[in-house]
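Chemist: Sharing run-v6.txt, compact mmCIF, C-alpha atoms and all ligand atoms:
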```txt
# COMPACT_ATOMS: atom_id res chain seq x y z
CA ALA A 1 -8.32 9.25 17.45
CA VAL A 2 -5.84 10.38 14.84
CA ALA A 3 -4.33 7.67 12.64
CA ALA A 4 -0.76 7.14 11.47
CA ALA A 5 0.07 5.88 7.99
CA VAL A 6 2.92 3.60 6.91
CA VAL A 7 4.07 3.88 3.31
CA PRO A 8 6.19 0.94 2.11
CA ALA A 9 8.35 2.53 -0.58
CA ALA A 10 11.41 0.31 -0.64
CA GLY A 11 10.56 -1.77 -3.72
CA ARG A 12 12.65 -1.79 -6.90
CA GLY A 13 9.65 -1.80 -9.21
CA GLU A 14 11.24 -4.03 -11.81
CA ARG A 15 7.97 -4.55 -13.73
CA LEU A 16 8.01 -0.83 -14.49
CA GLY A 17 11.23 -1.21 -16.46
CA PRO A 18 14.81 -0.25 -15.59
CA GLY A 19 15.55 2.92 -13.63
CA ALA A 20 15.21 4.43 -10.16
CA PRO A 21 13.33 2.63 -7.36
CA LYS A 22 9.64 2.78 -8.24
CA ALA A 23 8.68 5.21 -5.48
CA LEU A 24 11.12 7.76 -6.89
CA ARG A 25 9.89 7.60 -10.50
CA GLU A 26 8.19 10.81 -11.48
CA LEU A 27 4.60 11.55 -12.30
CA GLY A 28 3.94 15.11 -13.47
CA GLY A 29 7.48 15.99 -12.39
CA VAL A 30 6.90 14.79 -8.80
CA PRO A 31 8.02 11.39 -7.40
CA LEU A 32 5.26 8.78 -6.93
CA LEU A 33 6.14 8.65 -3.25
CA VAL A 34 5.56 12.37 -2.77
CA HIS A 35 2.15 12.08 -4.44
CA ALA A 36 1.28 9.17 -2.16
CA VAL A 37 2.42 10.92 1.03
CA ARG A 38 0.50 14.06 0.02
CA ALA A 39 -2.64 12.04 -0.63
CA LEU A 40 -2.45 10.71 2.94
CA ALA A 41 -1.45 14.03 4.50
CA ARG A 42 -4.50 15.67 2.93
CA SER A 43 -6.75 13.54 5.14
CA ARG A 44 -7.72 15.07 8.47
CA ALA A 45 -7.80 11.53 9.83
CA VAL A 46 -4.01 11.18 9.41
CA GLY A 47 -1.59 12.85 11.85
CA LEU A 48 1.67 11.11 11.03
CA VAL A 49 3.13 9.45 7.94
CA VAL A 50 6.06 7.01 8.21
CA VAL A 51 7.83 6.20 4.95
CA ALA A 52 9.87 3.00 4.62
CA ALA A 53 12.50 4.04 2.06
CA PRO A 54 15.07 1.93 0.21
CA ALA A 55 17.80 1.24 2.80
CA ASP A 56 20.39 3.04 0.68
CA GLY A 57 18.04 5.95 -0.07
CA VAL A 58 16.92 7.25 3.31
CA SER A 59 18.65 10.62 3.15
CA GLU A 60 17.61 11.11 -0.47
CA VAL A 61 13.97 10.48 0.50
CA VAL A 62 14.21 12.83 3.49
CA GLY A 63 15.51 15.52 1.13
CA LEU A 64 12.74 14.90 -1.40
CA LEU A 65 9.98 15.12 1.18
CA ASP A 66 11.53 18.28 2.66
CA SER A 67 11.59 19.96 -0.73
CA HIS A 68 7.86 19.33 -1.36
CA GLY A 69 5.38 21.01 1.00
CA LEU A 70 3.39 18.41 2.95
CA ASP A 71 0.68 20.40 4.73
CA GLY A 72 2.71 20.65 7.91
CA LYS A 73 2.09 16.97 8.65
CA ASP A 74 4.60 14.98 10.66
CA VAL A 75 6.48 12.80 8.14
CA ARG A 76 9.26 10.41 9.21
CA VAL A 77 11.50 8.19 7.12
CA VAL A 78 12.92 4.81 8.14
CA ALA A 79 14.94 2.24 6.22
CA GLY A 80 12.68 -0.37 4.59
CA GLY A 81 13.38 -4.09 4.25
CA ALA A 82 13.90 -6.85 1.71
CA THR A 83 10.17 -7.52 1.33
CA ARG A 84 7.08 -5.36 1.44
CA GLN A 85 6.07 -7.14 4.64
CA GLU A 86 9.37 -6.30 6.31
CA SER A 87 9.12 -2.68 5.17
CA VAL A 88 5.68 -2.40 6.77
CA ARG A 89 6.93 -3.99 9.99
CA LEU A 90 9.84 -1.53 10.20
CA GLY A 91 7.52 1.41 9.52
CA LEU A 92 5.07 0.24 12.16
CA ALA A 93 7.86 0.07 14.74
CA ALA A 94 8.44 3.82 14.27
CA ILE A 95 4.86 4.79 15.22
CA PRO A 96 4.38 6.13 18.77
CA PRO A 97 2.70 3.56 21.05
CA ASP A 98 -0.39 5.69 21.75
CA VAL A 99 -1.52 5.66 18.08
CA GLU A 100 -4.42 3.20 17.82
CA ILE A 101 -5.25 3.28 14.11
CA VAL A 102 -2.70 2.51 11.39
CA LEU A 103 -3.17 2.78 7.64
CA VAL A 104 -0.79 1.07 5.22
CA HIS A 105 -0.56 2.68 1.80
CA ASP A 106 1.58 1.67 -1.19
CA ALA A 107 3.84 4.38 -2.57
CA ALA A 108 2.82 2.88 -5.90
CA ARG A 109 -0.75 4.24 -5.53
CA PRO A 110 -0.02 7.96 -5.92
CA LEU A 111 -3.50 9.15 -6.91
CA VAL A 112 -5.74 7.70 -4.21
CA PRO A 113 -8.52 10.24 -3.54
CA VAL A 114 -8.71 11.63 0.00
CA GLU A 115 -12.27 10.28 0.30
CA VAL A 116 -10.91 6.73 0.22
CA VAL A 117 -8.35 7.52 2.94
CA ASP A 118 -11.08 9.10 5.08
CA ALA A 119 -13.50 6.21 4.55
CA VAL A 120 -10.94 3.56 5.54
CA ALA A 121 -9.91 5.42 8.69
CA ALA A 122 -13.58 6.01 9.59
CA ALA A 123 -14.42 2.32 9.27
CA VAL A 124 -11.62 1.40 11.68
CA ARG A 125 -12.72 4.13 14.06
CA ALA A 126 -16.24 2.69 13.87
CA GLY A 127 -14.96 -0.66 15.15
CA ALA A 128 -13.57 -2.79 12.32
CA GLU A 129 -10.18 -4.39 13.04
CA ALA A 130 -9.12 -4.50 9.39
CA VAL A 131 -10.53 -2.56 6.41
CA VAL A 132 -9.61 -2.72 2.74
CA PRO A 133 -10.85 -0.49 -0.08
CA ALA A 134 -11.71 -2.47 -3.19
CA VAL A 135 -13.44 -2.30 -6.55
CA PRO A 136 -15.38 -4.84 -8.63
CA LEU A 137 -13.48 -6.57 -11.43
CA ALA A 138 -13.90 -5.61 -15.06
CA ASP A 139 -12.37 -8.85 -16.33
CA THR A 140 -13.54 -12.39 -15.83
CA VAL A 141 -10.94 -14.27 -13.78
CA LYS A 142 -9.84 -17.88 -14.21
CA ARG A 143 -7.81 -20.01 -11.87
CA VAL A 144 -5.16 -21.99 -13.77
CA GLU A 145 -2.41 -24.49 -13.27
CA PRO A 146 0.58 -22.18 -13.83
CA ASN A 147 2.82 -23.10 -16.78
CA ARG A 148 5.05 -20.16 -17.55
CA GLY A 149 4.90 -19.25 -21.21
CA GLY A 150 2.99 -22.39 -22.21
CA PRO A 151 -0.72 -23.20 -22.34
CA GLU A 152 -2.21 -23.27 -18.83
CA PRO A 153 -5.04 -25.67 -18.01
CA VAL A 154 -8.05 -23.84 -16.52
CA LEU A 155 -9.21 -25.16 -13.17
CA ASP A 156 -12.30 -23.02 -12.69
CA THR A 157 -13.93 -19.61 -13.08
CA PRO A 158 -14.90 -17.92 -9.80
CA ASP A 159 -18.21 -16.04 -9.84
CA ARG A 160 -17.06 -12.54 -10.73
CA SER A 161 -19.80 -10.84 -8.74
CA THR A 162 -18.17 -12.07 -5.52
CA LEU A 163 -14.65 -10.87 -6.40
CA ARG A 164 -13.02 -7.54 -5.54
CA ALA A 165 -9.67 -6.06 -6.53
CA VAL A 166 -8.17 -4.61 -3.38
CA GLN A 167 -6.33 -1.35 -3.07
CA THR A 168 -4.68 0.68 -0.34
CA PRO A 169 -4.70 2.39 2.11
CA GLN A 170 -5.72 -0.61 4.18
CA GLY A 171 -6.67 0.32 7.73
CA PHE A 172 -6.14 -1.57 10.98
CA ARG A 173 -6.43 -1.42 14.69
CA ARG A 174 -2.77 -0.97 15.50
CA GLU A 175 -2.76 -3.89 17.90
CA THR A 176 -4.13 -6.24 15.23
CA LEU A 177 -1.59 -5.19 12.61
CA ALA A 178 1.36 -5.46 15.00
CA GLU A 179 0.19 -8.86 16.20
CA VAL A 180 -0.21 -10.43 12.75
CA HIS A 181 3.16 -9.11 11.59
CA GLU A 182 4.75 -10.56 14.72
CA LYS A 183 3.08 -13.94 14.11
CA ALA A 184 4.12 -13.95 10.45
CA LEU A 185 7.71 -13.36 11.50
CA THR A 186 7.61 -16.24 13.96
CA GLU A 187 6.04 -18.63 11.43
CA GLU A 188 8.52 -17.57 8.79
CA ALA A 189 11.42 -18.33 11.10
CA ALA A 190 9.82 -21.72 11.79
CA GLY A 191 10.02 -22.65 8.14
CA GLY A 192 8.32 -20.72 5.43
CA LEU A 193 4.85 -19.45 4.73
CA PRO A 194 3.20 -18.90 1.38
CA PRO A 195 3.74 -15.21 0.55
CA VAL A 196 1.05 -12.70 1.43
CA THR A 197 0.71 -9.72 -0.92
CA ASP A 198 -1.23 -7.42 1.38
CA ASP A 199 -1.50 -6.72 5.08
CA ALA A 200 -5.16 -7.68 5.31
CA GLY A 201 -4.08 -11.09 3.99
CA LEU A 202 -2.07 -11.56 7.16
CA VAL A 203 -5.09 -10.73 9.30
CA GLU A 204 -7.12 -13.34 7.37
CA ARG A 205 -4.38 -15.93 7.76
CA PHE A 206 -4.47 -15.60 11.53
CA GLY A 207 -8.25 -15.69 11.79
CA GLY A 208 -9.12 -12.01 11.98
CA ARG A 209 -12.08 -10.30 10.33
CA VAL A 210 -11.48 -8.08 7.32
CA VAL A 211 -14.14 -5.90 5.72
CA VAL A 212 -14.20 -4.20 2.32
CA VAL A 213 -15.31 -0.62 1.72
CA PRO A 214 -15.65 1.01 -1.70
CA GLY A 215 -12.31 1.91 -3.29
CA HIS A 216 -11.82 4.19 -6.28
CA GLU A 217 -10.65 3.63 -9.86
CA GLU A 218 -8.01 6.35 -9.40
CA ALA A 219 -6.41 4.41 -6.54
CA PHE A 220 -4.90 1.97 -9.06
CA LYS A 221 -1.35 0.72 -8.58
CA VAL A 222 1.40 1.92 -10.87
CA THR A 223 3.08 -1.35 -11.77
CA ARG A 224 3.75 -1.45 -15.51
CA PRO A 225 4.72 1.26 -18.01
CA LEU A 226 1.12 1.64 -19.23
CA ASP A 227 0.02 2.51 -15.69
CA LEU A 228 2.29 5.56 -15.79
CA VAL A 229 0.61 6.73 -18.99
CA LEU A 230 -2.79 6.43 -17.32
CA ALA A 231 -1.56 8.16 -14.17
CA GLU A 232 -0.19 11.09 -16.19
CA ALA A 233 -3.58 11.44 -17.89
CA VAL A 234 -5.49 11.39 -14.58
CA LEU A 235 -3.15 14.00 -13.14
CA ALA A 236 -3.49 16.23 -16.21
CA ARG A 237 -7.28 16.02 -15.95
CA ARG A 238 -7.15 16.99 -12.28
CA ARG A 239 -4.95 19.96 -13.03
CA ALA A 240 -7.13 21.15 -15.94
O1 LIG A 301 5.92 -4.66 -5.99
P1 LIG A 301 4.62 -4.10 -5.54
O2 LIG A 301 4.04 -3.14 -6.54
O3 LIG A 301 3.62 -5.11 -5.06
O4 LIG A 301 4.99 -3.22 -4.26
C1 LIG A 301 3.99 -2.65 -3.46
C2 LIG A 301 4.61 -1.63 -2.53
O5 LIG A 301 5.51 -2.25 -1.60
C3 LIG A 301 5.42 -0.55 -3.26
O6 LIG A 301 5.04 0.71 -2.72
C4 LIG A 301 6.85 -0.93 -2.94
O7 LIG A 301 7.73 0.19 -2.90
C5 LIG A 301 6.74 -1.55 -1.55
N1 LIG A 301 7.87 -2.45 -1.22
C6 LIG A 301 8.67 -2.17 -0.10
N2 LIG A 301 9.73 -2.98 0.21
C7 LIG A 301 10.05 -4.02 -0.58
C8 LIG A 301 9.25 -4.34 -1.72
C9 LIG A 301 8.16 -3.53 -2.03
O8 LIG A 301 8.42 -1.21 0.61
N3 LIG A 301 11.11 -4.73 -0.27
```
Take the structure in the file and give it back as structure tokens.
Ligand code: C5P
Modeler:
Amino acid sequence: AVAAAVVPAAGRGERLGPGAPKALRELGGVPLLVHAVRALARSRAVGLVVVAAPADGVSEVVGLLDSHGLDGKDVRVVAGGATRQESVRLGLAAIPPDVEIVLVHDAARPLVPVEVVDAVAAAVRAGAEAVVPAVPLADTVKRVEPNRGGPEPVLDTPDRSTLRAVQTPQGFRRETLAEVHEKALTEEAAGGLPPVTDDAGLVERFGGRVVVVPGHEEAFKVTRPLDLVLAEAVLARRRA
């Protein structure tokens, strides 16, 4: 079964500093979004890519994707939403009903190796309902009582060997992903849910099983200015 991928790309990316929406910032002269779509399109497991663009940038994004060759893959663009979750839901709605496997990949992870895309899709095909690529943590992590700018009391230190930093693409049985997004919408309307920062988090919230497969250090998220410096270096090394 061929998978479809949703790329939420409607974020402003304020932590990256002022400028264009994050997905349209350039890396090696090419927008992050184009890198991300190419990385997905390179996988034989992926037949369709749906991009959720900033609502006021749909035609600009269509033009951008048209001007960069994308291996003849089917790429569609829809208007994204006010939150990442809404952007994913809108992208998912544009996928033909017969597609059974859906990957969700952040536009902000432009350099994900094709092996990671393949491995996530393969794990769903092999029977998992939700799959996330992840890597061990380099830093020790502490849970604190948040106190912006001031000293923060430490609550505890989770055992680092049991922690993973999760990446994308995350892979799902389509039915599972659609169902948890539907439930989240209903609960939200009923009066607020703590925010979820990834799609697998929604599956967990509603009692589904999520498994981790190995991610890759080059699948890091471009969030802050330093991440762009690192991404440029990785790209230059690949081109060398
Ligand atoms: O802000 P953050 O880095 O967590 O965003 C992750 C991804 O979600 C980015 O690719 C961003 O473009 C996307 N996003 C979106 N719609 C929003 C907010 C974020 O598609 N309203």
Chemist: Nearest residue to ligand LIG 301 (chain A) out of A:Arg209, A:Arg76, A:His105, A:His216, using all atoms listed in the file?
Modeler: A:His105
Chemist: Please provide as a VMD selection string all residues within 12 Å of Pro21 in chain A, with the sequence filter that same-chain residues fewer than 3 positions apart are discarded (counting all atoms listed in the file).
Modeler: chain A and resid 8 to 18 24 to 26 31 to 33 53 to 57 60 to 61 107 to 108 223
Chemist: Rounded to one decimal, what separation in Å do you get between CA of Ala52 in chain A and CA of Glu100 in chain A?
Modeler: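 Spanning CA of Ala52 in chain A to CA of Glu100 in chain A is a straight-line distance of 19.5 Å.
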Chemist: Could you give me, as a ChimeraX atom specification, the residues within 10 Å of Ala134 in chain A, counting all atoms listed in the file and dropping anything in the same chain fewer than 5 positions from it?
Modeler: /A:116,163-168,170,211-217,219
Chemist: I'd like the contact shell of Val210 in chain A - 7 Å cut-off, all atoms listed in the file, skipping same-chain residues fewer than 4 positions apart - returned as number ranges by chain.
Modeler: A: 129-131, 200, 204
Chemist: Could those selected residues go to a file with C-alpha atoms, as a short mmCIF file (atom, residue, chain, number, x, y, z; two decimals), keeping the file's coordinate frame?
Modeler:
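Dumped everything to again-v1.cif:
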```
data_model
loop_
_atom_site.label_atom_id
_atom_site.label_comp_id
_atom_site.auth_asym_id
_atom_site.auth_seq_id
_atom_site.Cartn_x
_atom_site.Cartn_y
_atom_site.Cartn_z
CA GLU A 129 -10.18 -4.39 13.04
CA ALA A 130 -9.12 -4.50 9.39
CA VAL A 131 -10.53 -2.56 6.41
CA ALA A 200 -5.16 -7.68 5.31
CA GLU A 204 -7.12 -13.34 7.37
#
```
Chemist: Choose the residue, out of A:Ala94, A:Leu111, A:Val88, A:Ala233, that has the smallest atom-to-atom separation from Val34 in chain A; count all atoms listed in the file.
Modeler: A:Leu111
Chemist: Pick the closest to Thr176 in chain A from A:Val6, A:Val58, A:Val78, A:Val102: which is it, counting all atoms listed in the file?
Modeler: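 Distance minimum relative to Thr176 in chain A lands on A:Val102.
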Chemist: Pick the closest to Glu182 in chain A from A:Asp159, A:Asp198, A:Glu86, A:Asp98: which is it, counting all atoms listed in the file?
Modeler: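 Among the listed residues, A:Glu86 lies closest to Glu182 in chain A.
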Chemist: With distances taken over all atoms listed in the file, which residue among A:Arg109, A:Arg148, A:Lys183, A:Arg38 lies nearest Val75 in chain A?
Modeler: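 Checking each candidate against Val75 in chain A, we get A:Arg38 as the closest.
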Chemist: Under the rule that all atoms listed in the file are counted, which of A:Ala82, A:Val62, A:Val120, A:Val154 is the nearest residue to ligand LIG 301 (chain A)?
Modeler: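 That would be A:Ala82, the residue with the smallest distance to ligand LIG 301 (chain A).
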Chemist: Please list as a compact mmCIF listing (two decimals) with C-alpha atoms, keeping the file's coordinate frame every residue within 9 Å of His68 in chain A, counting only C-alpha atoms and excluding residues in the same chain fewer than 4 positions away.
Modeler:
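Saved file out-v6.txt follows:
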```
# COMPACT_ATOMS: atom_id res chain seq x y z
CA VAL A 30 6.90 14.79 -8.80
CA VAL A 34 5.56 12.37 -2.77
CA GLY A 63 15.51 15.52 1.13
CA LEU A 64 12.74 14.90 -1.40
```
Chemist: Rounded to one decimal in Å, what is the spacing between CA of Val141 in chain A and CA of Asp156 in chain A?
Modeler: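 Here the two named atoms are 8.9 Å from each other.
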Chemist: List the neighbours of Ala121 in chain A out to 8 Å using all atoms listed in the file; skip same-chain residues closer than 4 positions along the sequence, and give me the result as a list in words.
Modeler: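 Contacts, in chain order: Ala3, Ala45, Ile101, Leu103, Val117, Arg125 and Gly171 of chain A.
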Chemist: Once you count all atoms listed in the file, which residues end up no further than 12 Å from (-10.5, -9.8, -14.0) in the file's frame, shown as number ranges by chain?
Modeler: A: 135-143, 157-165
Chemist: Give me, please, the distance in Å between CA of Gly201 in chain A and CA of Leu230 in chain A, quoted to one decimal.
Modeler: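 Answer for the CA of Gly201 in chain A to CA of Leu230 in chain A separation: 27.6 Å.
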Chemist: Will you model N, CA and C atoms for range 204-234 of chain A and pass it back as a compact mmCIF listing (two decimals), in the coordinates of the input?
Modeler:
```txt
# COMPACT_ATOMS: atom_id res chain seq x y z
N GLU A 204 -6.30 -12.17 7.74
CA GLU A 204 -7.12 -13.34 7.37
C GLU A 204 -6.43 -14.63 7.78
N ARG A 205 -5.13 -14.70 7.49
CA ARG A 205 -4.38 -15.93 7.76
C ARG A 205 -4.45 -16.32 9.24
N PHE A 206 -4.47 -15.30 10.10
CA PHE A 206 -4.47 -15.60 11.53
C PHE A 206 -5.86 -15.46 12.14
N GLY A 207 -6.89 -15.55 11.28
CA GLY A 207 -8.25 -15.69 11.79
C GLY A 207 -8.99 -14.41 12.11
N GLY A 208 -8.43 -13.27 11.71
CA GLY A 208 -9.12 -12.01 11.98
C GLY A 208 -10.19 -11.71 10.94
N ARG A 209 -11.01 -10.69 11.24
CA ARG A 209 -12.08 -10.30 10.33
C ARG A 209 -11.67 -9.08 9.52
N VAL A 210 -11.82 -9.19 8.21
CA VAL A 210 -11.48 -8.08 7.32
C VAL A 210 -12.74 -7.66 6.59
N VAL A 211 -12.99 -6.37 6.50
CA VAL A 211 -14.14 -5.90 5.72
C VAL A 211 -13.67 -5.02 4.56
N VAL A 212 -14.49 -5.01 3.51
CA VAL A 212 -14.20 -4.20 2.32
C VAL A 212 -15.11 -2.97 2.31
N VAL A 213 -14.52 -1.83 1.98
CA VAL A 213 -15.31 -0.62 1.72
C VAL A 213 -15.03 -0.19 0.27
N PRO A 214 -15.88 0.65 -0.31
CA PRO A 214 -15.65 1.01 -1.70
C PRO A 214 -14.31 1.72 -1.91
N GLY A 215 -13.55 1.24 -2.90
CA GLY A 215 -12.31 1.91 -3.29
C GLY A 215 -12.62 2.90 -4.40
N HIS A 216 -11.63 3.19 -5.22
CA HIS A 216 -11.82 4.19 -6.28
C HIS A 216 -10.94 3.81 -7.46
N GLU A 217 -11.44 4.02 -8.68
CA GLU A 217 -10.65 3.63 -9.86
C GLU A 217 -9.32 4.40 -9.93
N GLU A 218 -9.26 5.58 -9.33
CA GLU A 218 -8.01 6.35 -9.40
C GLU A 218 -6.98 5.91 -8.35
N ALA A 219 -7.35 4.96 -7.53
CA ALA A 219 -6.41 4.41 -6.54
C ALA A 219 -5.63 3.24 -7.11
N PHE A 220 -5.60 3.10 -8.42
CA PHE A 220 -4.90 1.97 -9.06
C PHE A 220 -3.41 2.01 -8.76
N LYS A 221 -2.78 0.84 -8.86
CA LYS A 221 -1.35 0.72 -8.58
C LYS A 221 -0.53 0.90 -9.85
N VAL A 222 0.48 1.73 -9.76
CA VAL A 222 1.40 1.92 -10.87
C VAL A 222 2.41 0.79 -10.84
N THR A 223 2.23 -0.16 -11.75
CA THR A 223 3.08 -1.35 -11.77
C THR A 223 3.85 -1.46 -13.08
N ARG A 224 3.14 -1.28 -14.19
CA ARG A 224 3.75 -1.45 -15.51
C ARG A 224 3.78 -0.10 -16.24
N PRO A 225 4.58 -0.03 -17.31
CA PRO A 225 4.72 1.26 -18.01
C PRO A 225 3.38 1.90 -18.40
N LEU A 226 2.41 1.08 -18.82
CA LEU A 226 1.12 1.64 -19.23
C LEU A 226 0.42 2.36 -18.07
N ASP A 227 0.65 1.88 -16.85
CA ASP A 227 0.02 2.51 -15.69
C ASP A 227 0.50 3.95 -15.51
N LEU A 228 1.76 4.19 -15.89
CA LEU A 228 2.29 5.56 -15.79
C LEU A 228 1.61 6.48 -16.79
N VAL A 229 1.32 5.94 -17.97
CA VAL A 229 0.61 6.73 -18.99
C VAL A 229 -0.76 7.13 -18.46
N LEU A 230 -1.46 6.17 -17.88
CA LEU A 230 -2.79 6.43 -17.32
C LEU A 230 -2.70 7.44 -16.17
N ALA A 231 -1.71 7.26 -15.31
CA ALA A 231 -1.56 8.16 -14.17
C ALA A 231 -1.30 9.59 -14.63
N GLU A 232 -0.46 9.75 -15.66
CA GLU A 232 -0.19 11.09 -16.19
C GLU A 232 -1.49 11.72 -16.70
N ALA A 233 -2.33 10.92 -17.34
CA ALA A 233 -3.58 11.44 -17.89
C ALA A 233 -4.54 11.86 -16.77
N VAL A 234 -4.60 11.05 -15.71
CA VAL A 234 -5.49 11.39 -14.58
C VAL A 234 -5.02 12.69 -13.93
```
